[in-house]
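Student: Attaching a single structure in structure tokens format; questions to follow.
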Amino acid sequence: MQFLVYILVYPFLWLISILPFRILYVVSDCLYLILYRIFGYRKKVVTENLKLALPNKTEKEIAEIRKKSYKHLCDMIVEAIKSITISKEDMIKRYVFTNVEEIHQLEKEHKSVILFMGHYASWEWIFILQEHVNHKGYAVYKRLNNKYFDALVKRIRAKYDSHLITTKETFPILIKAKKDNQLTFNGFVFDQSPKLNKAVHWQYFMGIKVPVHVGAEVLAKRLDMTTLFLKVKKVKRGYYEATFTDINRTPNNSDNFAITDLSLKRVEEQIHEAPEYYLWTHKRWKHRGQEPKND
């Protein structure tokens, strides 16, 4: 059944991916009408999240942010599909790193990197970074249920020598890379909600105390990797600027969770700057109020 779904859907995705961008965004506009106007996909979740995170906004402002966020979500969907056939030159032009020289300096210092990112603006096209640096790129992800689509996503990333690995694979792969004296660049989109029974750290995010993923910081300290946060700005449809910030070359000198907390603060700053580019469809605050009490 998985293969049947794949062979039925993939040709349709491929046809969308070869469309020029001006037509691609017409598709995005149509998708917006379907998801938002007709089916109201997760509209209740998005509205609740916006009201929780932005309590000072009026109903009218919440409605406007919600509408813009769905338009951006649909842009993200078609841009992810475009990744199937987009050229290297086109992606380099559209996803610009403003200070990649910082990574070149880390190469000279022979430092591997843990990169923190939020579900903000665009995280789909970051793998084009491999065209600018010599580190071997890994991104931690959740495996797709359909193994054929999972393999497709991995092939897309591998075109640029960027590799997807699961949480369970991460530590063994990075340990081996360190033993082999290999420089690695490891991306974590860390701002989703962890399972409650695995939560070890709680912090305020948009004024609400929630559990936070800390695996990226733990890895950085255990493997002595430089930590970075990637601030992404949507310039206009299909164009993004990404800037590396908060460079910490000695994570073991930081207090526990300080790096994670600072990165979470950076996500907050982006949200306050332009909330419509955050992924509000996630149930990010579903565990609020469930922090275990200290004995």
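A note on labels: chains of the structure tokens are A, B, ... as shown, every chain counts residues from 1, and ligands are counted from 1 in their shown order.
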Can you list, as a PyMOL selection string, every protein, DNA or RNA residue that comes within 12 Å of Asn56 in chain A when you count only C-alpha atoms, leaving out same-chain residues fewer than 4 positions away?
Tutor: chain A and resi 50-52+60-62+206-207+272
Student: Using DSSP on the backbone coordinates, identify all residues within range 210-249 of chain A classified as strand (DSSP E or B); present the result as a VMD selection string.
Tutor: chain A and resid 210 to 211 226 to 236 239 to 248
Student: Can you list, as number ranges by chain, every protein, DNA or RNA residue that comes within 12 Å of range 151-160 of chain A when you count only C-alpha atoms, leaving out same-chain residues fewer than 2 positions away?
Tutor: A: 3, 6-7, 10, 13-14, 80-89, 91-92, 124-149, 162-166
Student: Near Ile65 in chain A, counting only C-alpha atoms, which residues have an atom at most 10 Å away, once you skip same-chain residues fewer than 6 positions from it, shown as an mmCIF file with all heavy atoms, in the first residue's frame?
Tutor:
data_model
loop_
_atom_site.group_PDB
_atom_site.id
_atom_site.type_symbol
_atom_site.label_atom_id
_atom_site.label_comp_id
_atom_site.auth_asym_id
_atom_site.auth_seq_id
_atom_site.Cartn_x
_atom_site.Cartn_y
_atom_site.Cartn_z
ATOM 1 N N VAL A 46 -4.267 26.731 15.960
ATOM 2 C CA VAL A 46 -3.518 27.945 15.643
ATOM 3 C C VAL A 46 -4.056 29.142 16.421
ATOM 4 O O VAL A 46 -3.292 29.930 16.992
ATOM 5 C CB VAL A 46 -3.566 28.222 14.123
ATOM 6 C CG1 VAL A 46 -2.974 29.595 13.804
ATOM 7 C CG2 VAL A 46 -2.813 27.138 13.363
ATOM 8 N N THR A 47 -5.382 29.265 16.462
ATOM 9 C CA THR A 47 -5.998 30.389 17.186
ATOM 10 C C THR A 47 -5.664 30.335 18.676
ATOM 11 O O THR A 47 -5.294 31.347 19.281
ATOM 12 C CB THR A 47 -7.529 30.369 16.992
ATOM 13 O OG1 THR A 47 -7.827 30.417 15.597
ATOM 14 C CG2 THR A 47 -8.172 31.558 17.677
ATOM 15 N N LEU A 50 -1.957 31.270 19.195
ATOM 16 C CA LEU A 50 -1.725 32.701 19.026
ATOM 17 C C LEU A 50 -2.213 33.493 20.248
ATOM 18 O O LEU A 50 -1.545 34.425 20.706
ATOM 19 C CB LEU A 50 -2.426 33.194 17.757
ATOM 20 C CG LEU A 50 -1.743 32.824 16.436
ATOM 21 C CD1 LEU A 50 -2.668 33.112 15.255
ATOM 22 C CD2 LEU A 50 -0.430 33.567 16.263
ATOM 23 N N LYS A 57 -2.444 40.919 21.812
ATOM 24 C CA LYS A 57 -3.001 41.182 20.487
ATOM 25 C C LYS A 57 -4.526 41.182 20.540
ATOM 26 O O LYS A 57 -5.136 40.404 21.275
ATOM 27 C CB LYS A 57 -2.521 40.135 19.479
ATOM 28 C CG LYS A 57 -1.010 40.087 19.266
ATOM 29 C CD LYS A 57 -0.499 41.330 18.554
ATOM 30 C CE LYS A 57 0.987 41.212 18.240
ATOM 31 N NZ LYS A 57 1.515 42.435 17.592
ATOM 32 N N GLU A 59 -8.386 40.662 18.833
ATOM 33 C CA GLU A 59 -8.975 39.607 17.999
ATOM 34 C C GLU A 59 -8.690 39.856 16.519
ATOM 35 O O GLU A 59 -8.394 38.921 15.768
ATOM 36 C CB GLU A 59 -10.489 39.541 18.234
ATOM 37 C CG GLU A 59 -10.899 39.024 19.605
ATOM 38 C CD GLU A 59 -10.731 37.521 19.736
ATOM 39 O OE1 GLU A 59 -10.570 36.846 18.699
ATOM 40 O OE2 GLU A 59 -10.739 37.017 20.874
ATOM 41 N N LYS A 71 -0.782 31.411 4.921
ATOM 42 C CA LYS A 71 -0.207 31.699 3.600
ATOM 43 C C LYS A 71 1.264 31.307 3.568
ATOM 44 O O LYS A 71 1.748 30.732 2.581
ATOM 45 C CB LYS A 71 -0.381 33.181 3.272
ATOM 46 C CG LYS A 71 -1.822 33.568 2.950
ATOM 47 C CD LYS A 71 -1.932 35.033 2.529
ATOM 48 C CE LYS A 71 -3.363 35.360 2.115
ATOM 49 N NZ LYS A 71 -3.514 36.774 1.690
ATOM 50 N N ALA A 274 8.070 39.114 13.700
ATOM 51 C CA ALA A 274 7.113 38.823 12.621
ATOM 52 C C ALA A 274 6.447 37.476 12.919
ATOM 53 O O ALA A 274 6.884 36.430 12.439
ATOM 54 C CB ALA A 274 7.819 38.784 11.266
ATOM 55 N N PRO A 275 5.392 37.472 13.740
ATOM 56 C CA PRO A 275 4.785 36.209 14.202
ATOM 57 C C PRO A 275 4.178 35.354 13.099
ATOM 58 O O PRO A 275 4.014 34.145 13.283
ATOM 59 C CB PRO A 275 3.713 36.677 15.194
ATOM 60 C CG PRO A 275 3.439 38.098 14.847
ATOM 61 C CD PRO A 275 4.731 38.649 14.334
ATOM 62 N N GLU A 276 3.886 35.936 11.969
ATOM 63 C CA GLU A 276 3.235 35.164 10.899
ATOM 64 C C GLU A 276 4.132 34.105 10.284
ATOM 65 O O GLU A 276 3.655 33.206 9.579
ATOM 66 C CB GLU A 276 2.745 36.099 9.782
ATOM 67 C CG GLU A 276 3.818 36.900 9.086
ATOM 68 C CD GLU A 276 4.063 38.263 9.716
ATOM 69 O OE1 GLU A 276 3.810 38.407 10.922
ATOM 70 O OE2 GLU A 276 4.514 39.180 8.987
ATOM 71 N N TYR A 277 5.434 34.158 10.558
ATOM 72 C CA TYR A 277 6.350 33.185 9.959
ATOM 73 C C TYR A 277 6.686 32.025 10.886
ATOM 74 O O TYR A 277 7.545 31.194 10.556
ATOM 75 C CB TYR A 277 7.629 33.879 9.493
ATOM 76 C CG TYR A 277 7.377 34.933 8.450
ATOM 77 C CD1 TYR A 277 8.004 36.178 8.518
ATOM 78 C CD2 TYR A 277 6.490 34.708 7.394
ATOM 79 C CE1 TYR A 277 7.765 37.159 7.566
ATOM 80 C CE2 TYR A 277 6.235 35.682 6.437
ATOM 81 C CZ TYR A 277 6.880 36.903 6.527
ATOM 82 O OH TYR A 277 6.629 37.871 5.591
ATOM 83 N N TYR A 278 6.021 31.945 12.029
ATOM 84 C CA TYR A 278 6.221 30.803 12.923
ATOM 85 C C TYR A 278 5.220 29.700 12.576
ATOM 86 O O TYR A 278 4.139 29.962 12.040
ATOM 87 C CB TYR A 278 6.042 31.217 14.384
ATOM 88 C CG TYR A 278 6.490 30.152 15.373
ATOM 89 C CD1 TYR A 278 7.807 29.729 15.400
ATOM 90 C CD2 TYR A 278 5.587 29.570 16.256
ATOM 91 C CE1 TYR A 278 8.230 28.756 16.297
ATOM 92 C CE2 TYR A 278 6.006 28.601 17.159
ATOM 93 C CZ TYR A 278 7.331 28.199 17.172
ATOM 94 O OH TYR A 278 7.743 27.225 18.053
#
